[in-house]
file my_file.cif (mmCIF, C-alpha atoms)
data_target
#
loop_
_atom_site.label_atom_id
_atom_site.label_comp_id
_atom_site.auth_asym_id
_atom_site.auth_seq_id
_atom_site.Cartn_x
_atom_site.Cartn_y
_atom_site.Cartn_z
CA SER A 89 97.36 92.82 136.87
CA TYR A 90 98.57 92.10 140.40
CA LEU A 91 97.64 95.55 141.69
CA TYR A 92 94.25 95.54 139.98
CA ALA A 93 93.41 92.10 141.41
CA LYS A 94 94.28 93.28 144.92
CA LYS A 95 92.40 96.56 144.53
CA MET A 96 89.28 94.66 143.47
CA HIS A 97 89.67 92.15 146.37
CA GLY A 98 90.24 89.41 143.83
CA LYS A 99 92.87 86.75 143.31
CA PHE A 100 96.00 86.96 141.20
CA ILE A 101 96.63 83.68 139.38
CA LEU A 102 99.74 82.36 137.63
CA ARG A 103 99.03 80.10 134.66
CA ILE A 104 101.77 78.59 132.52
CA GLU A 105 100.68 78.78 128.88
CA ASP A 106 102.81 76.19 127.12
CA THR A 107 100.56 74.90 124.35
CA ASP A 108 103.17 75.77 121.69
CA GLN A 109 105.60 73.01 122.57
CA GLY A 110 107.90 73.96 119.71
CA ARG A 111 108.80 77.17 121.55
CA TYR A 112 109.25 75.54 124.96
CA VAL A 113 112.53 76.50 126.66
CA ASP A 114 113.98 74.26 129.38
CA GLY A 115 114.25 76.09 132.69
CA ALA A 116 112.03 79.01 131.66
CA VAL A 117 109.19 78.07 134.01
CA GLU A 118 111.53 78.00 136.98
CA ILE A 119 112.80 81.48 136.00
CA ILE A 120 109.18 82.73 136.01
CA TYR A 121 108.59 81.35 139.53
CA ARG A 122 111.84 82.79 140.84
CA THR A 123 111.45 86.22 139.24
CA LEU A 124 107.93 86.71 140.59
CA HIS A 125 109.02 85.64 144.07
CA GLU A 126 112.11 87.85 144.06
CA THR A 127 110.09 90.90 142.98
CA GLY A 128 107.41 90.31 145.59
CA ILE A 129 104.59 89.62 143.12
CA MET A 130 103.06 86.75 145.04
CA TYR A 131 100.29 84.88 143.25
CA ASP A 132 97.38 83.38 145.16
CA GLU A 133 97.05 80.33 142.90
CA GLY A 134 99.48 78.65 140.53
CA PRO A 135 101.26 75.43 139.57
CA ASP A 136 103.61 75.41 142.55
CA VAL A 137 101.15 76.73 145.17
CA GLY A 138 97.93 75.01 144.12
CA GLY A 139 94.38 76.34 144.12
CA ASP A 140 90.80 75.41 143.30
CA TYR A 141 91.10 75.58 139.50
CA GLY A 142 94.18 73.53 138.67
CA PRO A 143 96.11 72.22 136.97
CA TYR A 144 97.62 75.62 136.17
CA ILE A 145 99.85 74.36 133.34
CA GLN A 146 97.96 74.28 130.06
CA SER A 147 99.74 71.25 128.61
CA GLN A 148 98.41 69.29 131.61
CA ARG A 149 94.87 70.36 130.67
CA LYS A 150 95.16 69.10 127.07
CA ASN A 151 92.18 66.73 127.25
CA GLU A 152 89.86 69.54 128.38
CA TYR A 153 90.01 71.57 125.20
CA LEU A 154 88.97 69.11 122.49
CA LYS A 155 85.51 68.52 123.96
CA TYR A 156 84.81 72.26 123.90
CA ALA A 157 86.02 72.50 120.30
CA LYS A 158 83.67 69.64 119.36
CA GLN A 159 80.80 71.56 120.97
CA LEU A 160 81.56 74.45 118.64
CA VAL A 161 81.60 72.10 115.65
CA GLU A 162 78.16 70.80 116.61
CA SER A 163 76.78 74.34 116.92
CA GLY A 164 78.29 75.45 113.59
CA HIS A 165 80.77 77.86 115.17
CA ALA A 166 83.76 75.70 114.16
CA TYR A 167 84.63 72.99 111.64
CA TYR A 168 87.16 70.26 110.89
CA CYS A 169 89.81 71.23 108.37
CA PHE A 170 91.91 68.63 106.57
CA CYS A 171 93.94 71.06 104.46
CA SER A 172 97.50 69.94 105.12
CA ASP A 173 98.77 70.55 101.60
CA LYS A 174 101.29 73.36 102.06
CA GLU A 175 101.24 74.06 98.34
CA ARG A 176 97.48 74.76 98.43
CA LEU A 177 97.67 76.77 101.63
CA SER A 178 100.44 78.89 100.13
CA THR A 179 98.04 80.05 97.41
CA LEU A 180 95.49 81.48 99.83
CA LYS A 181 94.79 85.19 99.86
CA THR A 182 96.65 87.36 102.35
CA GLU A 183 95.65 90.73 103.72
CA VAL A 184 97.55 93.39 105.62
CA VAL A 185 95.78 94.25 108.88
CA GLU A 186 97.32 96.69 111.35
CA GLY A 187 100.61 96.39 109.47
CA LYS A 188 100.68 92.59 109.74
CA GLU A 189 100.15 90.18 106.85
CA ILE A 190 97.56 87.53 107.69
CA MET A 191 96.41 84.56 105.65
CA ILE A 192 92.68 84.38 104.96
CA TYR A 193 91.60 80.74 104.90
CA ASP A 194 88.99 80.17 102.17
CA LYS A 195 86.64 77.98 104.27
CA HIS A 196 87.29 75.11 101.85
CA CYS A 197 86.50 72.41 104.42
CA LEU A 198 83.41 74.15 105.82
CA SER A 199 81.37 72.66 102.95
CA LEU A 200 82.29 69.05 103.78
CA SER A 201 79.32 66.89 104.76
CA LYS A 202 79.17 65.25 108.19
CA GLU A 203 79.54 61.88 106.48
CA GLU A 204 82.68 63.00 104.63
CA VAL A 205 84.16 64.41 107.84
CA GLN A 206 83.47 61.18 109.73
CA ARG A 207 84.96 59.10 106.91
CA ARG A 208 88.16 61.12 106.92
CA LEU A 209 88.40 61.08 110.71
CA ALA A 210 87.89 57.30 110.74
CA ALA A 211 90.64 56.97 108.11
CA GLY A 212 93.03 58.69 110.50
CA GLU A 213 93.58 61.80 108.39
CA LYS A 214 95.26 64.67 110.19
CA TYR A 215 93.06 67.64 110.91
CA VAL A 216 92.77 70.93 112.71
CA ILE A 217 89.61 72.55 114.04
CA ARG A 218 88.99 76.10 112.82
CA GLN A 219 86.67 78.79 114.17
CA ASN A 220 83.94 79.70 111.67
CA MET A 221 84.11 83.49 111.44
CA PRO A 222 81.40 85.68 109.89
CA THR A 223 82.51 87.33 106.66
CA GLU A 224 80.18 90.32 106.71
CA GLY A 225 79.38 93.12 109.14
CA SER A 226 81.46 94.28 112.07
CA THR A 227 81.95 93.47 115.75
CA THR A 228 82.18 95.98 118.58
CA TYR A 229 83.33 95.53 122.16
CA HIS A 230 84.27 97.86 125.02
CA ASP A 231 87.76 98.26 126.42
CA ALA A 232 88.26 99.99 129.78
CA VAL A 233 91.12 102.11 128.40
CA TYR A 234 90.40 102.59 124.69
CA GLY A 235 86.58 102.66 124.81
CA ASP A 236 84.49 101.04 122.08
CA ILE A 237 86.53 99.12 119.50
CA THR A 238 84.97 98.10 116.18
CA ILE A 239 86.57 95.54 113.86
CA GLU A 240 85.36 94.53 110.41
CA ASN A 241 84.53 90.81 110.44
CA SER A 242 86.19 90.40 107.03
CA GLU A 243 89.52 91.01 108.79
CA LEU A 244 89.06 88.03 111.14
CA GLU A 245 90.56 84.84 109.77
CA ASP A 246 89.15 81.40 110.59
CA GLN A 247 91.72 80.85 113.32
CA ILE A 248 92.81 77.36 114.32
CA LEU A 249 91.47 76.24 117.71
CA ILE A 250 92.89 72.71 117.89
CA LYS A 251 96.19 71.99 116.14
CA SER A 252 97.07 68.79 114.29
CA ASP A 253 99.01 67.54 117.34
CA GLY A 254 95.85 67.77 119.45
CA MET A 255 97.05 70.77 121.40
CA PRO A 256 94.92 73.92 121.54
CA THR A 257 96.19 77.21 120.22
CA TYR A 258 97.00 80.00 122.65
CA ASN A 259 93.85 81.92 121.67
CA PHE A 260 91.49 79.00 122.28
CA ALA A 261 93.08 77.65 125.45
CA ASN A 262 92.97 81.07 127.09
CA VAL A 263 89.24 81.54 126.53
CA ILE A 264 88.44 78.07 127.89
CA ASP A 265 90.72 78.43 130.91
CA ASP A 266 89.67 81.99 131.68
CA HIS A 267 86.08 80.75 131.89
CA LEU A 268 86.85 77.60 133.86
CA MET A 269 89.12 79.51 136.27
CA ASN A 270 86.50 82.23 136.78
CA ILE A 271 88.72 85.00 135.38
CA THR A 272 86.67 88.22 135.28
CA CYS A 273 89.33 90.66 134.05
CA VAL A 274 91.76 90.23 131.15
CA MET A 275 94.62 92.75 131.15
CA ARG A 276 97.09 92.54 128.28
CA GLY A 277 99.02 94.44 125.63
CA ALA A 278 97.32 96.73 123.10
CA GLU A 279 98.46 94.47 120.24
CA TYR A 280 95.46 92.26 121.14
CA LEU A 281 92.90 95.02 120.53
CA THR A 282 92.17 93.79 117.00
CA SER A 283 91.99 90.08 117.85
CA THR A 284 89.72 90.40 120.90
CA PRO A 285 86.54 90.00 118.75
CA LYS A 286 87.68 86.44 118.00
CA TYR A 287 87.77 85.75 121.75
CA ASN A 288 84.37 87.35 122.25
CA MET A 289 82.80 85.24 119.51
CA LEU A 290 83.97 82.16 121.40
CA TYR A 291 82.47 83.42 124.66
CA ASP A 292 79.21 84.20 122.87
CA ALA A 293 79.12 80.82 121.11
CA PHE A 294 79.32 79.05 124.47
CA GLY A 295 76.87 81.44 126.11
CA TRP A 296 79.51 82.55 128.60
CA GLU A 297 79.89 86.01 130.11
CA ARG A 298 82.68 88.07 128.57
CA PRO A 299 85.42 89.37 130.89
CA VAL A 300 86.32 93.01 131.41
CA TYR A 301 89.11 93.97 128.98
CA ILE A 302 91.93 96.33 129.90
CA HIS A 303 94.46 96.79 127.08
CA LEU A 304 97.65 98.67 127.86
CA PRO A 305 100.49 100.04 125.68
#
call {"tool": "encode", "arguments": {"input": "my_file.cif", "output": "structure tokens"}}
result
Amino acid sequence: SYLYAKKMHGKFILRIEDTDQGRYVDGAVEIIYRTLHETGIMYDEGPDVGGDYGPYIQSQRKNEYLKYAKQLVESGHAYYCFCSDKERLSTLKTEVVEGKEIMIYDKHCLSLSKEEVQRRLAAGEKYVIRQNMPTEGSTTYHDAVYGDITIENSELEDQILIKSDGMPTYNFANVIDDHLMNITCVMRGAEYLTSTPKYNMLYDAFGWERPVYIHLP
């Protein structure tokens, strides 16, 4: 990523992605700063050096994400989900995709009326916001290494965008921040090849330009 950014006369940015507070490890951020400095991978923007698109720590950007999720709800690309009953969720269908077992949410809350949603929100019920995925057809995108990748839409679960604690999920926060920080190239591990359509559907829903994707082993 560093070498590609420099080759393209771009900027290399460090962003701390800490939206999953349950996995936060004390001292880990300082280790990231120190390791990058000691190995000579100097970032042009980041939490400890500043830049035009801060803050560069996602937990400090928490209030940014909900308004974008609400935009998706208004456009029909997302919906409020009040399913907190673990017993009911445990009965949902699972599928094996790329060797991993994923739960397919049954869109139970998609059918709720606006009035019902507002009533439950006003009552203080806990909720998440889910992306409304198509269930038919397929989605294709281009990767700079692997070429055209096609994924059946039936394999894409209605992923959670905003969690019940108000924090965004990793997948949602990255799309929002990549757009707001003017990221034009996303380079990451090949394990994300099959989930990239979910990112692209978010870009398309907002009318934003998709980045260049470079997936590596």
call {"tool": "atom_distance", "arguments": {"input": "my_file.cif", "atom1": "CA of Asp246 in chain A", "atom2": "CA of Arg218 in chain A"}}
result
5.8 Å
call {"tool": "residues_around", "arguments": {"input": "my_file.cif", "residues": "Met130 in chain A", "least_positions_apart": "5", "cutoff": "12 Å", "atoms": "all atoms listed in the file", "output": "list in words"}}
result
Ser89, Tyr90, Leu91, Ala93, Lys94, Lys99, Phe100, Ile101, Leu102, Ile120, Tyr121, Arg122, Thr123, Leu124, His125, Asp136 and Val137 of chain A
call {"tool": "atom_distance", "arguments": {"input": "my_file.cif", "atom1": "CA of Ile217 in chain A", "atom2": "CA of Tyr229 in chain A"}}
result
25.2 Å
call {"tool": "closest_residue", "arguments": {"input": "my_file.cif", "among": "A:Glu152, A:Asp132, A:Glu126, A:Pro285", "to": "His97 in chain A", "atoms": "all atoms listed in the file"}}
result
A:Asp132
call {"tool": "resolve_selection", "arguments": {"input": "my_file.cif", "expression": "the PyMOL selection byres ((chain A and resi 167) around 8)", "output": "PyMOL selection string"}}
result
chain A and resi 160-161+164-166+168-169+197-198+217-220
call {"tool": "resolve_selection", "arguments": {"input": "my_file.cif", "expression": "the PyMOL selection byres ((chain A and resi 297-300) around 7)", "output": "ChimeraX atom specification"}}
result
/A:272-274,288,291,295-296,301-302
call {"tool": "atom_distance", "arguments": {"input": "my_file.cif", "atom1": "CA of Gly98 in chain A", "atom2": "CA of Phe294 in chain A"}}
result
24.5 Å
call {"tool": "resolve_selection", "arguments": {"input": "my_file.cif", "expression": "the PyMOL selection byres ((chain A and resi 233-238) around 10)", "output": "JSON, numbers by chain"}}
result
{"A": [226, 227, 228, 229, 230, 231, 232, 239, 240, 241, 278, 281, 282, 284, 285, 301, 302, 303, 304, 305]}
call {"tool": "residues_around", "arguments": {"input": "my_file.cif", "residues": "Ala261 in chain A", "least_positions_apart": "2", "cutoff": "9 Å", "atoms": "all atoms listed in the file", "output": "PyMOL selection string"}}
result
chain A and resi 105+107+146+150+153+249+255-259+263-266
call {"tool": "closest_residue", "arguments": {"input": "my_file.cif", "among": "A:Ser163, A:Ser252, A:Asp114, A:Arg103", "to": "Gly138 in chain A", "atoms": "all atoms listed in the file"}}
result
A:Arg103
call {"tool": "closest_residue", "arguments": {"input": "my_file.cif", "among": "A:Phe170, A:Glu243, A:Ala116, A:Gln148", "to": "Glu204 in chain A", "atoms": "only C-alpha atoms"}}
result
A:Phe170
call {"tool": "build_atoms", "arguments": {"input": "my_file.cif", "residues": "range 229-248 of chain A", "atoms": "N, CA and C atoms", "output": "short mmCIF file (atom, residue, chain, number, x, y, z; two decimals), in the frame of the given file"}}
result
data_model
loop_
_atom_site.label_atom_id
_atom_site.label_comp_id
_atom_site.auth_asym_id
_atom_site.auth_seq_id
_atom_site.Cartn_x
_atom_site.Cartn_y
_atom_site.Cartn_z
N TYR A 229 83.25 95.85 120.73
CA TYR A 229 83.33 95.53 122.16
C TYR A 229 83.90 96.75 122.89
N HIS A 230 83.81 96.73 124.22
CA HIS A 230 84.27 97.86 125.02
C HIS A 230 85.55 97.50 125.76
N ASP A 231 86.52 98.40 125.67
CA ASP A 231 87.76 98.26 126.42
C ASP A 231 87.82 99.37 127.47
N ALA A 232 88.28 99.03 128.68
CA ALA A 232 88.26 99.99 129.78
C ALA A 232 89.17 101.19 129.54
N VAL A 233 90.19 101.02 128.68
CA VAL A 233 91.12 102.11 128.40
C VAL A 233 90.78 102.81 127.09
N TYR A 234 90.55 102.02 126.03
CA TYR A 234 90.40 102.59 124.69
C TYR A 234 88.94 102.86 124.30
N GLY A 235 87.99 102.45 125.14
CA GLY A 235 86.58 102.66 124.81
C GLY A 235 86.07 101.62 123.84
N ASP A 236 85.08 101.98 123.03
CA ASP A 236 84.49 101.04 122.08
C ASP A 236 85.45 100.80 120.91
N ILE A 237 85.66 99.53 120.60
CA ILE A 237 86.53 99.12 119.50
C ILE A 237 85.68 98.36 118.50
N THR A 238 85.73 98.77 117.24
CA THR A 238 84.97 98.10 116.18
C THR A 238 85.93 97.51 115.15
N ILE A 239 85.73 96.25 114.83
CA ILE A 239 86.57 95.54 113.86
C ILE A 239 85.68 94.97 112.76
N GLU A 240 86.09 95.13 111.51
CA GLU A 240 85.36 94.53 110.41
C GLU A 240 85.54 93.01 110.44
N ASN A 241 84.45 92.27 110.36
CA ASN A 241 84.53 90.81 110.44
C ASN A 241 85.35 90.21 109.30
N SER A 242 85.42 90.90 108.17
CA SER A 242 86.19 90.40 107.03
C SER A 242 87.68 90.33 107.34
N GLU A 243 88.11 91.01 108.41
CA GLU A 243 89.52 91.01 108.79
C GLU A 243 89.86 89.86 109.76
N LEU A 244 88.85 89.11 110.16
CA LEU A 244 89.06 88.03 111.14
C LEU A 244 89.18 86.70 110.42
N GLU A 245 90.37 86.11 110.45
CA GLU A 245 90.56 84.84 109.77
C GLU A 245 89.94 83.69 110.59
N ASP A 246 89.67 82.59 109.91
CA ASP A 246 89.15 81.40 110.59
C ASP A 246 90.29 80.75 111.37
N GLN A 247 90.54 81.28 112.56
CA GLN A 247 91.72 80.85 113.32
C GLN A 247 91.60 79.39 113.74
N ILE A 248 92.76 78.75 113.87
CA ILE A 248 92.81 77.36 114.32
C ILE A 248 92.60 77.33 115.83
#
